[in-house]
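File shown: upload-v4.cif (mmCIF, C-alpha atoms).
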```cif
data_model
#
loop_
_atom_site.label_atom_id
_atom_site.label_comp_id
_atom_site.auth_asym_id
_atom_site.auth_seq_id
_atom_site.Cartn_x
_atom_site.Cartn_y
_atom_site.Cartn_z
CA MET A 103 36.36 -31.27 5.70
CA THR A 104 33.56 -28.81 6.38
CA PRO A 105 30.01 -29.47 5.10
CA GLU A 106 30.58 -26.72 2.52
CA ASP A 107 33.81 -28.39 1.38
CA PHE A 108 31.97 -31.71 0.99
CA VAL A 109 29.23 -30.12 -1.11
CA ARG A 110 31.78 -28.39 -3.35
CA ALA A 111 33.74 -31.64 -3.79
CA HIS A 112 30.73 -33.68 -4.86
CA THR A 113 28.83 -31.24 -7.09
CA ILE A 114 29.36 -28.83 -9.94
CA PRO A 115 27.58 -25.53 -10.66
CA ALA A 116 24.63 -26.28 -12.92
CA ARG A 117 21.13 -25.05 -13.72
CA ALA A 118 17.80 -26.82 -13.44
CA PRO A 119 15.91 -27.07 -16.75
CA LEU A 120 12.75 -25.27 -15.60
CA VAL A 121 14.63 -22.49 -13.77
CA PRO A 122 17.74 -21.56 -15.76
CA GLU A 123 17.96 -18.22 -13.96
CA ILE A 124 19.27 -19.95 -10.81
CA ALA A 125 22.73 -21.56 -10.52
CA LEU A 126 23.04 -24.47 -8.08
CA HIS A 127 25.66 -26.87 -6.77
CA LEU A 128 24.22 -30.12 -8.17
CA ALA A 129 25.22 -33.74 -8.65
CA THR A 130 25.50 -34.79 -12.28
CA GLU A 131 26.65 -37.89 -14.12
CA ILE A 132 30.26 -36.71 -13.76
CA THR A 133 30.20 -36.08 -9.99
CA PRO A 134 31.06 -38.86 -7.51
CA ILE A 135 27.96 -38.62 -5.35
CA TRP A 136 25.68 -39.28 -8.34
CA GLN A 137 27.09 -42.82 -8.46
CA ALA A 138 27.45 -43.32 -4.69
CA THR A 139 25.77 -46.42 -3.29
CA GLU A 140 23.86 -46.63 -0.02
CA ALA A 141 26.80 -48.59 1.41
CA TRP A 142 29.23 -45.80 0.47
CA LEU A 143 27.00 -43.24 2.15
CA ALA A 144 26.53 -45.39 5.26
CA GLU A 145 30.28 -45.90 5.64
CA ARG A 146 30.70 -42.12 5.79
CA ASN A 147 27.61 -41.52 7.96
CA ILE A 148 26.03 -39.44 5.19
CA GLU A 149 22.27 -39.14 4.68
CA PRO A 150 20.94 -39.67 1.14
CA PRO A 151 22.03 -36.52 -0.76
CA PHE A 152 18.61 -35.08 -1.54
CA TRP A 153 20.29 -31.66 -1.41
CA ALA A 154 22.34 -32.49 -4.52
CA PHE A 155 19.36 -32.49 -6.89
CA ALA A 156 16.75 -29.96 -7.98
CA TRP A 157 13.60 -31.98 -7.35
CA PRO A 158 10.44 -31.29 -9.40
CA GLY A 159 8.51 -29.66 -6.54
CA GLY A 160 11.29 -27.18 -5.84
CA GLN A 161 11.71 -26.33 -9.51
CA ALA A 162 7.98 -25.71 -9.96
CA THR A 163 7.84 -23.52 -6.85
CA ALA A 164 10.86 -21.50 -7.95
CA ARG A 165 9.33 -21.02 -11.40
CA LEU A 166 6.08 -19.77 -9.85
CA LEU A 167 7.89 -17.23 -7.66
CA LEU A 168 10.12 -15.89 -10.44
CA ASP A 169 7.09 -15.56 -12.73
CA GLU A 170 4.87 -14.04 -10.01
CA PRO A 171 7.22 -12.27 -7.56
CA THR A 172 4.36 -10.43 -5.83
CA ARG A 173 3.55 -13.72 -4.08
CA VAL A 174 6.57 -13.20 -1.81
CA ALA A 175 7.82 -9.63 -2.36
CA GLY A 176 8.20 -7.87 1.00
CA ARG A 177 7.07 -10.97 2.89
CA ARG A 178 8.76 -13.35 5.36
CA VAL A 179 9.27 -16.72 3.67
CA LEU A 180 10.20 -20.20 4.88
CA ASP A 181 11.43 -22.86 2.43
CA PHE A 182 10.56 -25.99 4.43
CA ALA A 183 12.51 -29.22 3.78
CA ALA A 184 14.45 -27.03 1.39
CA GLY A 185 16.81 -29.56 -0.18
CA CYS A 186 19.14 -27.60 -2.43
CA GLY A 187 17.25 -24.40 -1.59
CA ILE A 188 16.09 -23.55 -5.10
CA ALA A 189 12.75 -22.20 -3.83
CA ALA A 190 14.46 -20.16 -1.11
CA VAL A 191 16.82 -18.62 -3.65
CA ALA A 192 13.87 -17.82 -5.94
CA ALA A 193 12.02 -16.16 -3.04
CA ALA A 194 15.04 -14.01 -2.25
CA MET A 195 15.46 -13.09 -5.93
CA SER A 196 11.77 -12.16 -6.00
CA GLY A 197 12.13 -9.56 -3.25
CA ALA A 198 11.14 -11.39 -0.08
CA ALA A 199 11.89 -9.36 3.05
CA LEU A 200 13.35 -12.40 4.83
CA VAL A 201 14.01 -15.95 3.65
CA GLU A 202 14.76 -18.95 5.85
CA ALA A 203 15.50 -22.47 4.64
CA ALA A 204 14.81 -25.36 7.02
CA GLU A 205 16.54 -28.74 6.79
CA ILE A 206 17.60 -31.37 9.34
CA ASP A 207 20.65 -32.48 7.28
CA PRO A 208 23.72 -30.26 7.88
CA LEU A 209 24.92 -30.96 4.33
CA ALA A 210 21.62 -29.65 2.97
CA LEU A 211 22.02 -26.45 4.98
CA ALA A 212 25.56 -26.09 3.62
CA ALA A 213 24.24 -26.58 0.08
CA VAL A 214 21.59 -23.90 0.64
CA ARG A 215 24.21 -21.44 1.91
CA LEU A 216 26.46 -22.12 -1.09
CA ASN A 217 23.59 -21.84 -3.54
CA ALA A 218 22.42 -18.56 -2.01
CA ALA A 219 25.95 -17.18 -2.29
CA LEU A 220 26.22 -18.43 -5.87
CA ASN A 221 23.19 -16.31 -6.76
CA GLY A 222 24.09 -13.29 -4.62
CA VAL A 223 21.13 -13.51 -2.23
CA ALA A 224 20.70 -13.91 1.52
CA VAL A 225 19.03 -17.02 2.97
CA ALA A 226 19.12 -17.85 6.68
CA THR A 227 19.59 -21.52 7.64
CA PRO A 228 18.33 -22.27 11.17
CA GLU A 229 19.53 -25.64 12.45
CA GLY A 230 17.40 -28.51 13.73
CA ASP A 231 13.83 -29.67 13.18
CA ILE A 232 11.66 -26.60 12.81
CA VAL A 233 8.41 -28.57 13.08
CA GLY A 234 6.61 -27.37 16.20
CA SER A 235 7.85 -23.79 15.93
CA THR A 236 5.35 -20.96 16.28
CA CYS A 237 4.51 -19.16 13.06
CA ARG A 238 6.83 -16.28 12.16
CA TRP A 239 6.36 -16.39 8.37
CA ASP A 240 3.91 -15.00 5.86
CA VAL A 241 4.57 -17.70 3.24
CA ILE A 242 5.75 -21.28 3.70
CA LEU A 243 7.00 -23.21 0.68
CA ALA A 244 7.08 -27.02 0.78
CA GLY A 245 8.06 -29.03 -2.28
CA ASP A 246 8.12 -32.83 -2.63
CA VAL A 247 7.50 -33.49 1.06
CA CYS A 248 4.79 -36.18 0.90
CA TYR A 249 6.91 -39.08 -0.33
CA GLU A 250 6.90 -41.15 2.90
CA ALA A 251 4.12 -41.87 5.39
CA PRO A 252 6.15 -41.06 8.56
CA MET A 253 7.41 -37.79 7.07
CA THR A 254 3.91 -36.73 6.03
CA ALA A 255 2.43 -37.64 9.41
CA HIS A 256 5.15 -35.61 11.15
CA ILE A 257 4.87 -32.43 9.11
CA LEU A 258 1.31 -32.12 7.83
CA PRO A 259 -0.45 -31.24 11.12
CA TRP A 260 2.15 -28.53 11.74
CA LEU A 261 1.84 -27.12 8.22
CA ARG A 262 -1.95 -26.98 8.62
CA ALA A 263 -1.46 -25.21 11.96
CA MET A 264 0.78 -22.69 10.19
CA ALA A 265 -2.02 -22.09 7.66
CA ALA A 266 -4.47 -21.62 10.53
CA ALA A 267 -2.06 -19.09 12.07
CA GLY A 268 -2.22 -16.98 8.93
CA ALA A 269 0.66 -18.19 6.75
CA GLU A 270 0.06 -19.02 3.11
CA VAL A 271 1.35 -22.59 2.78
CA LEU A 272 2.20 -23.61 -0.79
CA LEU A 273 2.62 -27.36 -1.21
CA ALA A 274 4.19 -28.41 -4.53
CA ASP A 275 3.66 -32.08 -5.33
CA PRO A 276 4.53 -34.19 -8.40
CA GLY A 277 2.16 -37.04 -7.56
CA ARG A 278 3.80 -38.50 -4.45
CA ALA A 279 1.90 -41.29 -2.70
CA TYR A 280 1.10 -39.55 0.58
CA LEU A 281 -0.25 -36.22 -0.64
CA PRO A 282 -3.42 -35.50 1.38
CA ARG A 283 -6.64 -35.97 -0.53
CA ALA A 284 -8.48 -33.03 1.06
CA GLY A 285 -7.80 -29.50 2.18
CA LEU A 286 -5.91 -28.46 -0.94
CA GLN A 287 -6.58 -25.65 -3.41
CA ALA A 288 -4.70 -25.82 -6.71
CA VAL A 289 -2.72 -22.66 -7.54
CA ALA A 290 -0.55 -23.59 -10.54
CA CYS A 291 0.76 -26.54 -12.51
CA HIS A 292 4.10 -27.05 -14.25
CA ALA A 293 5.56 -29.84 -16.38
CA VAL A 294 9.08 -30.37 -15.02
CA PRO A 295 11.74 -32.20 -17.07
CA THR A 296 13.47 -34.86 -15.00
CA THR A 297 15.75 -37.87 -15.43
CA LEU A 298 15.18 -41.61 -15.20
CA GLU A 299 18.00 -41.82 -12.66
CA LEU A 300 15.77 -39.95 -10.21
CA GLU A 301 12.21 -40.51 -11.39
CA ASP A 302 10.22 -43.15 -13.27
CA ARG A 303 9.48 -40.80 -16.17
CA MET A 304 11.09 -37.99 -18.15
CA VAL A 305 8.56 -35.30 -17.17
CA ARG A 306 6.75 -34.82 -13.88
CA GLU A 307 3.50 -32.83 -13.68
CA VAL A 308 3.77 -30.75 -10.52
CA THR A 309 0.72 -29.10 -9.00
CA ILE A 310 1.27 -26.33 -6.47
CA HIS A 311 -1.53 -26.33 -3.89
CA ARG A 312 -2.49 -23.89 -1.21
CA LEU A 313 -2.79 -25.95 1.98
CA LEU A 314 -5.97 -25.11 3.85
CA PRO A 315 -6.15 -25.13 7.68
#
```

Rewritten as structure tokens:
Amino acid sequence: MTPEDFVRAHTIPARAPLVPEIALHLATEITPIWQATEAWLAERNIEPPFWAFAWPGGQATARLLLDEPTRVAGRRVLDFAAGCGIAAVAAAMSGAALVEAAEIDPLALAAVRLNAALNGVAVATPEGDIVGSTCRWDVILAGDVCYEAPMTAHILPWLRAMAAAGAEVLLADPGRAYLPRAGLQAVACHAVPTTLELEDRMVREVTIHRLLP
């Protein structure tokens, strides 16, 4: 079974509440992976399926780009830690010259490719950890990335270096514990409907920040 086959088998086409313009392969209450336990995933050597959900940060970023396409039109865009790729798809729909989606999970990259195809846009999916790469983008999108201390410590210095190199880094955060306390400039805020299966509340307030060098 290819990664794309796995994604198709465990999701259905659906639409996130804040961004109904974009169709995505998502887990729902009727798909097997929604109910999969950590043991089930471990037996199959599968990482937690973050790619099967439209997380609040990605939804808020996608909404911002569809509402304000000039933010990315004609520009080179990276959707970092892309998950399902909702922000990458929104960037492509908004006229970005080039869109790349970075993920270390091969299933996430497969989900991004399927979701791009579902919406008729082109998104490149380079493999491997992109942290440490030199800057080749005008805009970097990062949603919901500050949820663990090791992850934040790994990515934040690089993202700040990308900002220092001239990229506009947009960090969308719904109140995760490890969001930096300084070096942020608020750009927009969205109330994102969510579910108690994924979050501890029915609505998450997501602030999109510009990350300063």

Contacts of Ala269 in chain A at 7 Å (only C-alpha atoms; same-chain gap of 5+ positions) as a PyMOL selection string: chain A and resi 239-242+264

Could you dump the residues just selected with C-alpha atoms as a PDB file, in the coordinates of the input?
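What follows is the written file part_38.pdb:
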```pdb
ATOM      1  CA  TRP A 239       6.360 -16.390   8.370  1.00  0.00           C
ATOM      2  CA  ASP A 240       3.910 -15.000   5.860  1.00  0.00           C
ATOM      3  CA  VAL A 241       4.570 -17.700   3.240  1.00  0.00           C
ATOM      4  CA  ILE A 242       5.750 -21.280   3.700  1.00  0.00           C
ATOM      5  CA  MET A 264       0.780 -22.690  10.190  1.00  0.00           C
TER       6      MET A 264
END
```

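Residues surrounding range 169-172 of chain A within 10 Å are Thr163, Ala164, Arg165, Leu166, Leu167, Val174, Ala175, Gly176, Arg177, Ala192, Ala193, Ala194, Met195, Ser196, Gly197 and Ala198 of chain A [all atoms listed in the file; sequence separation below 2 positions excluded].
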
Which neighbours of Leu273 in chain A fall inside 10 Å, counting all atoms listed in the file, when residues of the same chain fewer than 3 positions from it are skipped, and could you give them as an NGL selection string? :A and (159-160 or 163 or 182 or 242-248 or 261 or 270 or 281 or 286-289 or 308-313)

The centre and edge lengths of an axis-aligned box containing all atoms of range 180-195 of chain A present in the file, extended by 3 Å on each side, are to be given in Å to one decimal, as lines of an AutoDock Vina configuration file.
```
center_x = 14.7
center_y = -21.3
center_z = -0.5
size_x = 14.9
size_y = 22.5
size_z = 16.8
```

Once the PyMOL selection byres ((chain A and resi 253-260) around 9) has been evaluated on this model, what residues remain selected, and can you format them as a PDB file with C-alpha atoms, in the frame of the given file?
```pdb
ATOM      1  CA  VAL A 233       8.410 -28.570  13.080  1.00  0.00           C
ATOM      2  CA  GLY A 234       6.610 -27.370  16.200  1.00  0.00           C
ATOM      3  CA  SER A 235       7.850 -23.790  15.930  1.00  0.00           C
ATOM      4  CA  VAL A 247       7.500 -33.490   1.060  1.00  0.00           C
ATOM      5  CA  CYS A 248       4.790 -36.180   0.900  1.00  0.00           C
ATOM      6  CA  TYR A 249       6.910 -39.080  -0.330  1.00  0.00           C
ATOM      7  CA  GLU A 250       6.900 -41.150   2.900  1.00  0.00           C
ATOM      8  CA  ALA A 251       4.120 -41.870   5.390  1.00  0.00           C
ATOM      9  CA  PRO A 252       6.150 -41.060   8.560  1.00  0.00           C
ATOM     10  CA  LEU A 261       1.840 -27.120   8.220  1.00  0.00           C
ATOM     11  CA  ARG A 262      -1.950 -26.980   8.620  1.00  0.00           C
ATOM     12  CA  ALA A 263      -1.460 -25.210  11.960  1.00  0.00           C
ATOM     13  CA  MET A 264       0.780 -22.690  10.190  1.00  0.00           C
ATOM     14  CA  ALA A 265      -2.020 -22.090   7.660  1.00  0.00           C
ATOM     15  CA  TYR A 280       1.100 -39.550   0.580  1.00  0.00           C
ATOM     16  CA  LEU A 281      -0.250 -36.220  -0.640  1.00  0.00           C
ATOM     17  CA  PRO A 282      -3.420 -35.500   1.380  1.00  0.00           C
TER      18      PRO A 282
END
```

Check which residues satisfy the PyMOL selection byres ((chain A and resi 143-156) around 6) in the file shown, then give them as a PyMOL selection string. chain A and resi 128-129+140-142+157+185-186+210

Store the residues picked out above, limited to C-alpha atoms, as a PDB file, in the coordinates of the input.
```pdb
ATOM      1  CA  LEU A 128      24.220 -30.120  -8.170  1.00  0.00           C
ATOM      2  CA  ALA A 129      25.220 -33.740  -8.650  1.00  0.00           C
ATOM      3  CA  GLU A 140      23.860 -46.630  -0.020  1.00  0.00           C
ATOM      4  CA  ALA A 141      26.800 -48.590   1.410  1.00  0.00           C
ATOM      5  CA  TRP A 142      29.230 -45.800   0.470  1.00  0.00           C
ATOM      6  CA  TRP A 157      13.600 -31.980  -7.350  1.00  0.00           C
ATOM      7  CA  GLY A 185      16.810 -29.560  -0.180  1.00  0.00           C
ATOM      8  CA  CYS A 186      19.140 -27.600  -2.430  1.00  0.00           C
ATOM      9  CA  ALA A 210      21.620 -29.650   2.970  1.00  0.00           C
TER      10      ALA A 210
END
```

I need the residue nearest Gln161 in chain A from this list: A:Pro208, A:Pro105, A:Pro295, A:Pro134. Use all atoms listed in the file for the distance. A:Pro295

Kindly resolve the PyMOL selection byres ((chain A and resi 109) around 8) on the present coordinates and return the residues as a tab-separated table (two decimals) with C-alpha atoms, keeping the file's coordinate frame.
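Written file, expr_28.tsv:
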```tsv
chain	number	residue	atom	x	y	z
A	105	PRO	CA	30.01	-29.47	5.10
A	106	GLU	CA	30.58	-26.72	2.52
A	107	ASP	CA	33.81	-28.39	1.38
A	108	PHE	CA	31.97	-31.71	0.99
A	110	ARG	CA	31.78	-28.39	-3.35
A	111	ALA	CA	33.74	-31.64	-3.79
A	112	HIS	CA	30.73	-33.68	-4.86
A	113	THR	CA	28.83	-31.24	-7.09
A	127	HIS	CA	25.66	-26.87	-6.77
A	209	LEU	CA	24.92	-30.96	4.33
A	212	ALA	CA	25.56	-26.09	3.62
A	213	ALA	CA	24.24	-26.58	0.08
```

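Proximity of A:Ala293, A:Ala284, A:Ala203, A:Ile124 to Leu314 in chain A, computed with all atoms listed in the file, is greatest for A:Ala284.
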
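Across the structure, CA of Leu200 in chain A and CA of Pro158 in chain A are spaced 23.8 Å apart.
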
When you draw a straight line from CA of Val271 in chain A to CA of Glu307 in chain A, how long is it in Å? 19.5 Å

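Note that the spacing between CA of Arg178 in chain A and CA of Gly268 in chain A amounts to 12.1 Å.
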
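Closest approach to Ala266 in chain A among A:Asp231, A:Gly187, A:Glu202, A:Pro315 is made by A:Pro315 (distances from only C-alpha atoms).
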
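Among the candidate residues A:Ala190, A:Ala204, A:Thr236, A:Leu211, the one lying nearest to Ala224 in chain A is A:Ala190, with distances computed using only C-alpha atoms.
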
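Residue nearest Asp207 in chain A, chosen from A:Ala184, A:Ala279, A:Met304, A:Ala162 and counting all atoms listed in the file: A:Ala184.
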
Choose the residue, out of A:Leu168, A:Ala226, A:Val305, A:Ile135, that has the smallest atom-to-atom separation from Pro276 in chain A; count all atoms listed in the file. A:Val305

For range 196-222 of chain A, supply N, CA and C atoms and report the output as a PDB file, in the frame of the given file.
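Output below, filename selection38.pdb:
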```
ATOM      1  N   SER A 196      13.063 -12.783  -5.713  1.00  0.00           N
ATOM      2  CA  SER A 196      11.770 -12.160  -6.000  1.00  0.00           C
ATOM      3  C   SER A 196      11.409 -11.059  -5.022  1.00  0.00           C
ATOM      4  N   GLY A 197      12.339 -10.709  -4.113  1.00  0.00           N
ATOM      5  CA  GLY A 197      12.130  -9.560  -3.250  1.00  0.00           C
ATOM      6  C   GLY A 197      11.545  -9.839  -1.891  1.00  0.00           C
ATOM      7  N   ALA A 198      11.621 -11.096  -1.427  1.00  0.00           N
ATOM      8  CA  ALA A 198      11.140 -11.390  -0.080  1.00  0.00           C
ATOM      9  C   ALA A 198      11.918 -10.579   0.951  1.00  0.00           C
ATOM     10  N   ALA A 199      11.238 -10.155   2.007  1.00  0.00           N
ATOM     11  CA  ALA A 199      11.890  -9.360   3.050  1.00  0.00           C
ATOM     12  C   ALA A 199      12.860 -10.199   3.862  1.00  0.00           C
ATOM     13  N   LEU A 200      12.530 -11.469   4.066  1.00  0.00           N
ATOM     14  CA  LEU A 200      13.350 -12.400   4.830  1.00  0.00           C
ATOM     15  C   LEU A 200      13.102 -13.797   4.283  1.00  0.00           C
ATOM     16  N   VAL A 201      14.163 -14.572   4.110  1.00  0.00           N
ATOM     17  CA  VAL A 201      14.010 -15.950   3.650  1.00  0.00           C
ATOM     18  C   VAL A 201      14.794 -16.865   4.590  1.00  0.00           C
ATOM     19  N   GLU A 202      14.112 -17.895   5.082  1.00  0.00           N
ATOM     20  CA  GLU A 202      14.760 -18.950   5.850  1.00  0.00           C
ATOM     21  C   GLU A 202      14.570 -20.271   5.126  1.00  0.00           C
ATOM     22  N   ALA A 203      15.573 -21.139   5.231  1.00  0.00           N
ATOM     23  CA  ALA A 203      15.500 -22.470   4.640  1.00  0.00           C
ATOM     24  C   ALA A 203      15.709 -23.483   5.759  1.00  0.00           C
ATOM     25  N   ALA A 204      14.753 -24.389   5.936  1.00  0.00           N
ATOM     26  CA  ALA A 204      14.810 -25.360   7.020  1.00  0.00           C
ATOM     27  C   ALA A 204      15.149 -26.737   6.479  1.00  0.00           C
ATOM     28  N   GLU A 205      16.123 -27.375   7.120  1.00  0.00           N
ATOM     29  CA  GLU A 205      16.540 -28.740   6.790  1.00  0.00           C
ATOM     30  C   GLU A 205      17.127 -29.373   8.052  1.00  0.00           C
ATOM     31  N   ILE A 206      16.987 -30.698   8.196  1.00  0.00           N
ATOM     32  CA  ILE A 206      17.600 -31.370   9.340  1.00  0.00           C
ATOM     33  C   ILE A 206      18.973 -31.944   9.005  1.00  0.00           C
ATOM     34  N   ASP A 207      19.344 -31.962   7.721  1.00  0.00           N
ATOM     35  CA  ASP A 207      20.650 -32.480   7.280  1.00  0.00           C
ATOM     36  C   ASP A 207      21.641 -31.317   7.185  1.00  0.00           C
ATOM     37  N   PRO A 208      22.738 -31.348   7.953  1.00  0.00           N
ATOM     38  CA  PRO A 208      23.720 -30.260   7.880  1.00  0.00           C
ATOM     39  C   PRO A 208      24.302 -30.056   6.487  1.00  0.00           C
ATOM     40  N   LEU A 209      24.409 -31.117   5.698  1.00  0.00           N
ATOM     41  CA  LEU A 209      24.920 -30.960   4.330  1.00  0.00           C
ATOM     42  C   LEU A 209      23.924 -30.190   3.471  1.00  0.00           C
ATOM     43  N   ALA A 210      22.630 -30.414   3.698  1.00  0.00           N
ATOM     44  CA  ALA A 210      21.620 -29.650   2.970  1.00  0.00           C
ATOM     45  C   ALA A 210      21.715 -28.167   3.303  1.00  0.00           C
ATOM     46  N   LEU A 211      21.899 -27.854   4.587  1.00  0.00           N
ATOM     47  CA  LEU A 211      22.020 -26.450   4.980  1.00  0.00           C
ATOM     48  C   LEU A 211      23.261 -25.821   4.345  1.00  0.00           C
ATOM     49  N   ALA A 212      24.347 -26.596   4.275  1.00  0.00           N
ATOM     50  CA  ALA A 212      25.560 -26.090   3.620  1.00  0.00           C
ATOM     51  C   ALA A 212      25.291 -25.839   2.135  1.00  0.00           C
ATOM     52  N   ALA A 213      24.564 -26.756   1.496  1.00  0.00           N
ATOM     53  CA  ALA A 213      24.240 -26.580   0.080  1.00  0.00           C
ATOM     54  C   ALA A 213      23.392 -25.331  -0.135  1.00  0.00           C
ATOM     55  N   VAL A 214      22.430 -25.099   0.749  1.00  0.00           N
ATOM     56  CA  VAL A 214      21.590 -23.900   0.640  1.00  0.00           C
ATOM     57  C   VAL A 214      22.448 -22.637   0.756  1.00  0.00           C
ATOM     58  N   ARG A 215      23.352 -22.624   1.728  1.00  0.00           N
ATOM     59  CA  ARG A 215      24.210 -21.440   1.910  1.00  0.00           C
ATOM     60  C   ARG A 215      25.070 -21.200   0.666  1.00  0.00           C
ATOM     61  N   LEU A 216      25.629 -22.267   0.118  1.00  0.00           N
ATOM     62  CA  LEU A 216      26.460 -22.120  -1.090  1.00  0.00           C
ATOM     63  C   LEU A 216      25.626 -21.669  -2.280  1.00  0.00           C
ATOM     64  N   ASN A 217      24.426 -22.210  -2.408  1.00  0.00           N
ATOM     65  CA  ASN A 217      23.590 -21.840  -3.540  1.00  0.00           C
ATOM     66  C   ASN A 217      23.080 -20.406  -3.417  1.00  0.00           C
ATOM     67  N   ALA A 218      22.802 -19.971  -2.197  1.00  0.00           N
ATOM     68  CA  ALA A 218      22.420 -18.560  -2.010  1.00  0.00           C
ATOM     69  C   ALA A 218      23.575 -17.649  -2.395  1.00  0.00           C
ATOM     70  N   ALA A 219      24.783 -17.995  -1.951  1.00  0.00           N
ATOM     71  CA  ALA A 219      25.950 -17.180  -2.290  1.00  0.00           C
ATOM     72  C   ALA A 219      26.210 -17.167  -3.790  1.00  0.00           C
ATOM     73  N   LEU A 220      25.996 -18.318  -4.429  1.00  0.00           N
ATOM     74  CA  LEU A 220      26.220 -18.430  -5.870  1.00  0.00           C
ATOM     75  C   LEU A 220      25.328 -17.472  -6.650  1.00  0.00           C
ATOM     76  N   ASN A 221      24.152 -17.189  -6.082  1.00  0.00           N
ATOM     77  CA  ASN A 221      23.190 -16.310  -6.760  1.00  0.00           C
ATOM     78  C   ASN A 221      23.127 -14.911  -6.146  1.00  0.00           C
ATOM     79  N   GLY A 222      24.001 -14.629  -5.184  1.00  0.00           N
ATOM     80  CA  GLY A 222      24.090 -13.290  -4.620  1.00  0.00           C
ATOM     81  C   GLY A 222      22.899 -12.880  -3.789  1.00  0.00           C
TER      82      GLY A 222
END
```
